[in-house]
$ cat upload-v6.txt   # compact mmCIF, C-alpha atoms
# COMPACT_ATOMS: atom_id res chain seq x y z
CA MET A 1 75.72 100.06 147.79
CA PRO A 2 76.15 103.84 147.28
CA ALA A 3 79.18 105.10 145.47
CA SER A 4 81.78 106.94 147.52
CA ARG A 5 82.03 110.71 147.09
CA LYS A 6 85.54 111.19 145.78
CA PRO A 7 86.96 114.71 146.18
CA SER A 8 86.70 115.82 142.55
CA ILE A 9 88.92 118.68 141.47
CA ARG A 10 87.87 121.39 139.05
CA LYS A 11 90.50 123.41 137.24
CA PRO A 12 90.36 126.85 138.88
CA ALA A 13 89.51 129.91 136.84
CA SER A 14 92.46 131.40 135.02
CA ARG A 15 92.26 134.69 136.94
CA LYS A 16 94.40 135.16 140.01
CA ALA A 17 92.64 134.95 143.36
CA ALA A 18 93.16 138.67 143.96
CA ASP A 19 91.26 139.45 140.75
CA LEU A 20 88.10 137.63 141.81
CA GLY A 21 86.80 140.57 143.81
CA ARG A 22 85.73 140.74 147.43
CA ALA A 23 85.08 137.69 149.57
CA LEU A 24 81.75 137.84 151.41
CA ILE A 25 81.68 135.64 154.51
CA THR A 26 78.48 135.03 156.48
CA GLY A 27 78.48 134.01 160.13
CA ALA A 28 81.86 135.72 160.41
CA SER A 29 81.73 136.98 163.99
CA ALA A 30 83.06 133.82 165.68
CA GLY A 31 84.18 130.21 165.28
CA ILE A 32 84.95 128.84 161.83
CA GLY A 33 83.57 131.99 160.19
CA ALA A 34 86.01 134.26 162.00
CA GLU A 35 88.89 131.93 161.22
CA LEU A 36 87.89 131.87 157.56
CA ALA A 37 87.98 135.67 157.60
CA ARG A 38 91.50 135.55 159.04
CA GLU A 39 92.56 132.98 156.46
CA PHE A 40 91.25 135.06 153.55
CA ALA A 41 92.85 138.19 155.01
CA ARG A 42 96.23 136.45 155.24
CA HIS A 43 95.97 135.87 151.49
CA GLY A 44 95.18 139.51 150.80
CA HIS A 45 91.47 139.34 149.96
CA PRO A 46 89.28 142.38 150.58
CA LEU A 47 86.42 141.24 152.77
CA THR A 48 82.77 141.83 153.50
CA LEU A 49 81.85 140.21 156.80
CA VAL A 50 78.26 139.45 157.76
CA ALA A 51 76.77 138.45 161.12
CA ARG A 52 74.19 139.66 163.61
CA ARG A 53 76.68 140.98 166.18
CA LYS A 54 77.96 144.35 164.98
CA GLU A 55 80.43 144.83 167.84
CA ALA A 56 82.11 141.47 167.22
CA LEU A 57 82.32 142.18 163.49
CA ALA A 58 83.84 145.61 164.10
CA ALA A 59 86.48 144.16 166.40
CA LEU A 60 87.40 141.48 163.88
CA ALA A 61 87.50 143.99 161.02
CA ALA A 62 89.89 146.22 163.00
CA GLU A 63 92.12 143.23 163.72
CA LEU A 64 92.28 142.14 160.09
CA THR A 65 92.96 145.64 158.79
CA ARG A 66 95.66 146.19 161.39
CA GLU A 67 97.41 142.85 160.92
CA HIS A 68 96.98 142.27 157.18
CA GLY A 69 96.23 145.67 155.67
CA VAL A 70 93.10 144.45 153.88
CA ASP A 71 89.94 146.45 153.31
CA VAL A 72 87.11 145.08 155.43
CA LYS A 73 83.45 146.04 155.24
CA ILE A 74 80.96 144.82 157.85
CA ILE A 75 77.22 144.24 157.54
CA ALA A 76 75.22 143.51 160.69
CA GLN A 77 72.21 141.52 159.54
CA ASP A 78 70.16 138.51 160.59
CA LEU A 79 70.08 136.36 157.46
CA ALA A 80 67.16 134.34 158.79
CA ALA A 81 64.95 137.43 158.94
CA PRO A 82 62.61 138.16 156.02
CA GLY A 83 64.54 140.08 153.39
CA GLY A 84 67.84 139.44 155.18
CA PRO A 85 69.85 137.96 152.28
CA ALA A 86 68.53 140.54 149.81
CA ALA A 87 69.54 143.37 152.15
CA VAL A 88 73.02 141.89 152.57
CA VAL A 89 73.59 141.53 148.83
CA LYS A 90 72.37 145.08 148.17
CA ALA A 91 74.69 146.50 150.85
CA ALA A 92 77.62 144.35 149.70
CA GLN A 93 77.31 145.51 146.10
CA ALA A 94 76.80 149.18 146.94
CA GLY A 95 79.18 151.45 145.07
CA GLY A 96 79.76 148.87 142.37
CA GLN A 97 81.60 146.39 144.59
CA THR A 98 82.06 142.97 142.99
CA ILE A 99 81.59 139.87 145.14
CA GLY A 100 83.74 137.20 143.53
CA ILE A 101 83.84 134.80 146.47
CA LEU A 102 80.87 133.79 148.62
CA VAL A 103 81.33 131.86 151.85
CA ASN A 104 78.03 130.54 153.23
CA ASN A 105 79.04 129.80 156.79
CA ALA A 106 76.14 131.16 158.88
CA GLY A 107 74.22 128.44 160.67
CA ILE A 108 72.64 127.35 163.94
CA VAL A 109 72.16 124.00 165.62
CA ASP A 110 69.39 122.37 167.64
CA THR A 111 69.92 119.37 169.90
CA GLY A 112 67.57 117.05 171.71
CA PRO A 113 64.59 114.90 170.70
CA PHE A 114 62.69 116.31 167.72
CA ALA A 115 59.33 115.85 169.46
CA GLN A 116 60.47 118.10 172.32
CA ALA A 117 61.88 120.88 170.13
CA ALA A 118 60.13 124.21 169.72
CA THR A 119 58.63 124.43 166.25
CA GLU A 120 59.83 128.03 165.89
CA ARG A 121 63.42 126.99 166.65
CA LEU A 122 63.35 124.25 164.02
CA LEU A 123 61.93 126.60 161.40
CA ALA A 124 64.53 129.25 162.26
CA LEU A 125 67.24 126.63 161.72
CA VAL A 126 65.85 125.72 158.30
CA ASP A 127 65.50 129.40 157.40
CA LEU A 128 69.16 130.12 158.13
CA ASN A 129 70.91 126.87 157.26
CA VAL A 130 68.92 126.17 154.09
CA ARG A 131 66.87 129.08 152.81
CA ALA A 132 69.35 131.89 153.47
CA MET A 133 72.26 129.88 152.06
CA THR A 134 70.23 129.11 148.93
CA GLU A 135 69.16 132.72 148.47
CA MET A 136 72.65 134.15 148.96
CA THR A 137 74.00 131.74 146.36
CA SER A 138 71.14 132.40 143.95
CA ARG A 139 71.65 136.17 144.16
CA LEU A 140 75.44 136.17 143.72
CA LEU A 141 76.21 133.15 141.53
CA PRO A 142 74.80 134.52 138.24
CA GLY A 143 77.23 137.44 138.35
CA MET A 144 80.16 135.08 138.83
CA VAL A 145 79.06 132.97 135.87
CA GLU A 146 78.64 136.07 133.73
CA ARG A 147 82.17 137.23 134.62
CA GLY A 148 83.58 133.74 134.06
CA ALA A 149 85.23 133.51 137.47
CA GLY A 150 84.15 132.97 141.06
CA ARG A 151 84.18 130.72 144.08
CA VAL A 152 81.48 129.58 146.51
CA LEU A 153 82.31 127.83 149.77
CA ASN A 154 79.35 126.22 151.55
CA VAL A 155 80.04 125.10 155.10
CA SER A 156 78.26 121.79 155.53
CA SER A 157 79.14 119.20 158.18
CA LEU A 158 80.31 115.65 158.70
CA SER A 159 76.71 115.04 159.80
CA ALA A 160 75.68 115.44 156.15
CA PHE A 161 76.92 111.90 155.51
CA GLN A 162 74.67 110.15 158.03
CA PRO A 163 71.54 110.59 160.15
CA VAL A 164 72.22 112.03 163.60
CA PRO A 165 69.55 111.27 166.23
CA THR A 166 68.97 114.23 168.60
CA MET A 167 70.39 116.54 165.89
CA GLY A 168 68.10 115.41 163.08
CA THR A 169 67.04 118.79 161.68
CA TYR A 170 70.56 120.19 161.77
CA ALA A 171 72.00 117.12 160.03
CA ALA A 172 69.23 117.20 157.44
CA SER A 173 69.96 120.85 156.69
CA LYS A 174 73.61 119.97 156.08
CA VAL A 175 72.60 117.15 153.72
CA PHE A 176 70.87 119.84 151.65
CA VAL A 177 74.00 122.00 151.66
CA LEU A 178 76.22 119.12 150.53
CA SER A 179 73.82 117.89 147.86
CA LEU A 180 73.27 121.35 146.38
CA THR A 181 77.01 121.96 146.33
CA GLU A 182 77.70 118.74 144.44
CA ALA A 183 74.93 119.47 141.94
CA LEU A 184 76.17 123.01 141.30
CA SER A 185 79.73 121.76 140.93
CA GLU A 186 78.62 119.70 137.95
CA GLU A 187 76.34 122.39 136.51
CA LEU A 188 79.16 124.93 136.59
CA HIS A 189 81.83 122.74 135.02
CA GLY A 190 83.74 124.79 132.47
CA THR A 191 82.31 128.16 133.55
CA GLY A 192 85.31 129.32 135.60
CA VAL A 193 83.22 129.12 138.76
CA SER A 194 83.68 126.39 141.36
CA VAL A 195 81.62 125.40 144.40
CA THR A 196 83.06 123.64 147.44
CA ALA A 197 81.42 121.98 150.45
CA LEU A 198 83.48 122.09 153.63
CA CYS A 199 82.34 119.28 155.93
CA PRO A 200 84.00 119.60 159.36
CA GLY A 201 83.38 117.23 162.20
CA PHE A 202 83.15 118.38 165.82
CA THR A 203 85.10 121.63 166.14
CA GLN A 204 86.07 123.81 169.10
CA THR A 205 83.50 126.58 168.62
CA ASP A 206 80.61 128.17 170.50
CA MET A 207 78.28 125.92 168.52
CA MET A 208 80.13 122.92 169.90
CA GLY A 209 79.33 124.18 173.38
CA GLU A 210 75.63 124.22 172.46
CA ILE A 211 75.84 120.68 171.12
CA GLN A 212 77.60 119.42 174.25
CA ALA A 213 75.05 121.15 176.47
CA GLY A 214 72.26 119.24 174.72
CA SER A 215 73.93 115.84 174.43
CA ALA A 216 75.53 113.79 177.20
CA ALA A 217 77.01 111.50 174.57
CA ILE A 218 78.89 114.30 172.85
CA ARG A 219 80.09 115.74 176.16
CA LYS A 220 82.03 112.48 176.61
CA LEU A 221 84.05 112.98 173.43
CA PRO A 222 87.78 113.34 174.13
CA GLN A 223 89.33 116.68 173.24
CA GLN A 224 91.53 114.96 170.65
CA MET A 225 88.40 114.36 168.59
CA LEU A 226 87.71 118.10 168.27
CA SER A 227 89.18 120.05 165.35
CA LYS A 228 90.64 123.52 165.73
CA PRO A 229 88.69 126.21 163.83
CA ALA A 230 91.88 127.64 162.32
CA ASP A 231 92.83 124.24 160.89
CA VAL A 232 89.35 123.77 159.42
CA ALA A 233 89.47 127.25 157.87
CA ALA A 234 92.90 126.69 156.34
CA LEU A 235 91.81 123.45 154.70
CA GLY A 236 88.58 125.06 153.52
CA TYR A 237 90.46 127.90 151.88
CA ARG A 238 92.87 125.55 150.10
CA ALA A 239 90.02 123.34 148.89
CA LEU A 240 88.05 126.34 147.65
CA MET A 241 90.88 127.94 145.74
CA SER A 242 91.94 124.63 144.16
CA GLY A 243 88.41 123.89 142.97
CA GLN A 244 87.83 120.84 145.18
CA THR A 245 84.14 119.92 145.46
CA VAL A 246 84.02 118.19 148.87
CA ALA A 247 86.53 118.72 151.67
CA VAL A 248 86.44 116.83 154.97
CA PRO A 249 89.03 118.04 157.51
CA GLY A 250 90.94 115.43 159.50
CA LEU A 251 91.69 111.76 158.86
CA PRO A 252 89.20 110.40 161.48
CA ASN A 253 86.43 112.47 159.89
CA GLN A 254 87.42 111.34 156.40
CA ILE A 255 87.24 107.71 157.54
CA THR A 256 83.82 108.33 159.10
CA ALA A 257 82.51 109.94 155.92
CA ALA A 258 83.86 107.12 153.75
CA TRP A 259 82.40 104.46 156.09
CA ALA A 260 78.98 106.12 155.98
CA GLN A 261 78.96 106.09 152.18
CA VAL A 262 79.79 102.42 151.71
CA THR A 263 77.69 101.08 154.60
CA PRO A 264 73.99 100.19 154.12
CA ARG A 265 71.83 103.01 155.39
CA TRP A 266 69.94 100.76 157.79
CA LEU A 267 73.25 99.86 159.48
CA THR A 268 74.50 103.45 159.62
CA ARG A 269 71.15 104.48 161.11
CA ALA A 270 71.18 101.64 163.64
CA VAL A 271 74.73 102.39 164.79
CA ALA A 272 73.93 106.08 165.22
CA GLY A 273 70.78 105.29 167.17
CA PHE A 274 72.51 102.75 169.40
CA ALA A 275 75.32 105.18 170.20
CA THR A 276 72.86 107.90 171.11
CA ARG A 277 70.75 105.65 173.35
CA THR A 278 73.64 103.97 175.18
CA ARG A 279 75.82 107.06 175.70
CA GLY A 280 73.05 109.55 176.32

$ encode --input "upload-v6.txt" --output "C-alpha cells"
Amino acid sequence: MPASRKPSIRKPASRKAADLGRALITGASAGIGAELAREFARHGHPLTLVARRKEALAALAAELTREHGVDVKIIAQDLAAPGGPAAVVKAAQAGGQTIGILVNNAGIVDTGPFAQAATERLLALVDLNVRAMTEMTSRLLPGMVERGAGRVLNVSSLSAFQPVPTMGTYAASKVFVLSLTEALSEELHGTGVSVTALCPGFTQTDMMGEIQAGSAAIRKLPQQMLSKPADVAALGYRALMSGQTVAVPGLPNQITAAWAQVTPRWLTRAVAGFATRTRG
C-alpha cells in the first residue's frame, strides 16, 4: 500500500520575501494565474506576468499597479511554441532583473476519449504542461540556488493523485508536475530554495468551462464542489512562502487525495472508470 504524501515543510530561506526578487507568473491572464498575480501584488512583490493574450495582461498589470503600487512587467508569449520559454527568460532578465520566484501556472486541458483526440492537441498539451514547465524551471532554478534563496510554485492538480478517464493526458501531465516537484523539494533541501506543488480540485475558471463542455459527468457537479480561484491562490501563496511541498486546497479535495494514496490502484482506477461510464 503506497505511503501517504504528508505535506512536508521546509524552513524558508532567511531572506525576507521582498528580497527574493521579482515573481514571474506564467498563464497569468485569467483564472488561478490572475488570482495568483493579485495575491503576490497584495504582498508587495514586483511581478513579471506571462501569457499569450497581451491585452488581458496589460489590463491586469494596470489594475495591480493602480491598486497595490507594484511594478509589473508583461511578456506576451506562447510558452508551447519552440523557443518560447527561452524567450521569456531572456526578456524577464533583461536589464539585470532577478527572478527569485517562479510560478509555473500555464496549462491547457483536453477532455474526451483519448482515441478520438487530435494528436496535435495532445502534443500541444504535453508541450505546455510538461516541457515548458520543465524548461522554465531548469533555466531559472540554478540562479536561485546560486543566490541561496528562491521559491518555485508548480500548479499541478488533484487529478495528479489518480487516473482520470476522458482526461487521461491532462491528468498524466499533472502527475509529472507533482512528481518533479517532490523530487526537487528533496534535492534542494538546505539550499534556501523551496519548491511547492499546488494541487487544486475543480475550480471556477475558464478551464473548468472547457472540462464541463467535454464531460457530462462533470457538468453534474454541484457548485459547492467548485473552489474559488482567489481561495486557491491565497492558499498557494501561503504554502509557497512557508516552504510547504504539497498543498491541496479544500477539505473534500484533501480527503480525495488521501483516499487515492491509500487505496489500491486497481480500485482507484475502477472507481474512476465506473463514475465516468455511469455519469457520462

$ residues_near_point --input "upload-v6.txt" --point "(83.6, 131.8, 155.0)" --cutoff "9 Å" --atoms "only C-alpha atoms" --output "list in words"
Ala23, Leu24, Ile25, Thr26, Gly27, Ala28, Ile32, Gly33, Ala34, Glu35, Leu36, Ala37, Phe40, Leu49, Leu102, Val103, Asn104, Asn105, Ala106, Leu153, Asn154, Val155, Ala233, Gly236 and Tyr237 of chain A

$ write_last_selection --input "upload-v6.txt" --atoms "C-alpha atoms" --output "CSV table (one decimal), in the frame of the given file"
chain,number,residue,atom,x,y,z
A,23,ALA,CA,85.1,137.7,149.6
A,24,LEU,CA,81.8,137.8,151.4
A,25,ILE,CA,81.7,135.6,154.5
A,26,THR,CA,78.5,135.0,156.5
A,27,GLY,CA,78.5,134.0,160.1
A,28,ALA,CA,81.9,135.7,160.4
A,32,ILE,CA,85.0,128.8,161.8
A,33,GLY,CA,83.6,132.0,160.2
A,34,ALA,CA,86.0,134.3,162.0
A,35,GLU,CA,88.9,131.9,161.2
A,36,LEU,CA,87.9,131.9,157.6
A,37,ALA,CA,88.0,135.7,157.6
A,40,PHE,CA,91.2,135.1,153.6
A,49,LEU,CA,81.8,140.2,156.8
A,102,LEU,CA,80.9,133.8,148.6
A,103,VAL,CA,81.3,131.9,151.8
A,104,ASN,CA,78.0,130.5,153.2
A,105,ASN,CA,79.0,129.8,156.8
A,106,ALA,CA,76.1,131.2,158.9
A,153,LEU,CA,82.3,127.8,149.8
A,154,ASN,CA,79.4,126.2,151.6
A,155,VAL,CA,80.0,125.1,155.1
A,233,ALA,CA,89.5,127.2,157.9
A,236,GLY,CA,88.6,125.1,153.5
A,237,TYR,CA,90.5,127.9,151.9

$ closest_residue --input "upload-v6.txt" --among "A:Gly201, A:Gly150, A:Gly107, A:Pro249" --to "A:Ser29" --atoms "all atoms listed in the file"
A:Gly107

$ closest_atom_pairs --input "upload-v6.txt" --of "stretch 227-277 of chain A" --to "stretch 157-174 of chain A" --cutoff "10 Å" --atoms "only C-alpha atoms" --output "CSV"
residue,atom,partner,partner_atom,distance
A:Ala247,CA,A:Ser157,CA,9.9
A:Val248,CA,A:Leu158,CA,7.3
A:Pro249,CA,A:Leu158,CA,9.1
A:Asn253,CA,A:Leu158,CA,7.0
A:Gln254,CA,A:Leu158,CA,8.6
A:Thr256,CA,A:Leu158,CA,8.1
A:Ala257,CA,A:Phe161,CA,5.9
A:Ala258,CA,A:Phe161,CA,8.6
A:Trp259,CA,A:Phe161,CA,9.3
A:Ala260,CA,A:Phe161,CA,6.2
A:Gln261,CA,A:Phe161,CA,7.0
A:Arg265,CA,A:Gln162,CA,8.1
A:Thr268,CA,A:Gln162,CA,6.9
A:Arg269,CA,A:Pro163,CA,6.2
A:Ala270,CA,A:Pro163,CA,9.6
A:Val271,CA,A:Pro163,CA,9.9
A:Ala272,CA,A:Val164,CA,6.4
A:Gly273,CA,A:Pro165,CA,6.2
A:Phe274,CA,A:Pro165,CA,9.6
A:Ala275,CA,A:Pro165,CA,9.3
A:Thr276,CA,A:Pro165,CA,6.8
A:Arg277,CA,A:Pro165,CA,9.1

$ write_last_selection --input "upload-v6.txt" --atoms "C-alpha atoms" --output "PDB file, in the coordinates of the input"
ATOM      1  CA  ALA A 247      86.530 118.720 151.670  1.00  0.00           C
ATOM      2  CA  VAL A 248      86.440 116.830 154.970  1.00  0.00           C
ATOM      3  CA  PRO A 249      89.030 118.040 157.510  1.00  0.00           C
ATOM      4  CA  ASN A 253      86.430 112.470 159.890  1.00  0.00           C
ATOM      5  CA  GLN A 254      87.420 111.340 156.400  1.00  0.00           C
ATOM      6  CA  THR A 256      83.820 108.330 159.100  1.00  0.00           C
ATOM      7  CA  ALA A 257      82.510 109.940 155.920  1.00  0.00           C
ATOM      8  CA  ALA A 258      83.860 107.120 153.750  1.00  0.00           C
ATOM      9  CA  TRP A 259      82.400 104.460 156.090  1.00  0.00           C
ATOM     10  CA  ALA A 260      78.980 106.120 155.980  1.00  0.00           C
ATOM     11  CA  GLN A 261      78.960 106.090 152.180  1.00  0.00           C
ATOM     12  CA  ARG A 265      71.830 103.010 155.390  1.00  0.00           C
ATOM     13  CA  THR A 268      74.500 103.450 159.620  1.00  0.00           C
ATOM     14  CA  ARG A 269      71.150 104.480 161.110  1.00  0.00           C
ATOM     15  CA  ALA A 270      71.180 101.640 163.640  1.00  0.00           C
ATOM     16  CA  VAL A 271      74.730 102.390 164.790  1.00  0.00           C
ATOM     17  CA  ALA A 272      73.930 106.080 165.220  1.00  0.00           C
ATOM     18  CA  GLY A 273      70.780 105.290 167.170  1.00  0.00           C
ATOM     19  CA  PHE A 274      72.510 102.750 169.400  1.00  0.00           C
ATOM     20  CA  ALA A 275      75.320 105.180 170.200  1.00  0.00           C
ATOM     21  CA  THR A 276      72.860 107.900 171.110  1.00  0.00           C
ATOM     22  CA  ARG A 277      70.750 105.650 173.350  1.00  0.00           C
TER      23      ARG A 277
END

$ axis_aligned_box --input "upload-v6.txt" --around "stretch 123-134 of chain A" --padding-each-side "5 Å" --output "AutoDock Vina command-line options"
--center_x 67.1 --center_y 128.8 --center_z 155.6 --size_x 20.3 --size_y 16.2 --size_z 23.3

$ closest_residue --input "upload-v6.txt" --among "A:Val50, A:Val152, A:Ala115, A:Leu125" --to "A:Ala91" --atoms "all atoms listed in the file"
A:Val50

$ atom_distance --input "upload-v6.txt" --atom1 "atom CA of A:Val70" --atom2 "atom CA of A:Gly44"
6.2 Å

$ closest_residue --input "upload-v6.txt" --among "A:Val232, A:Ile108, A:Leu141, A:Leu184" --to "A:Phe202" --atoms "all atoms listed in the file"
A:Val232
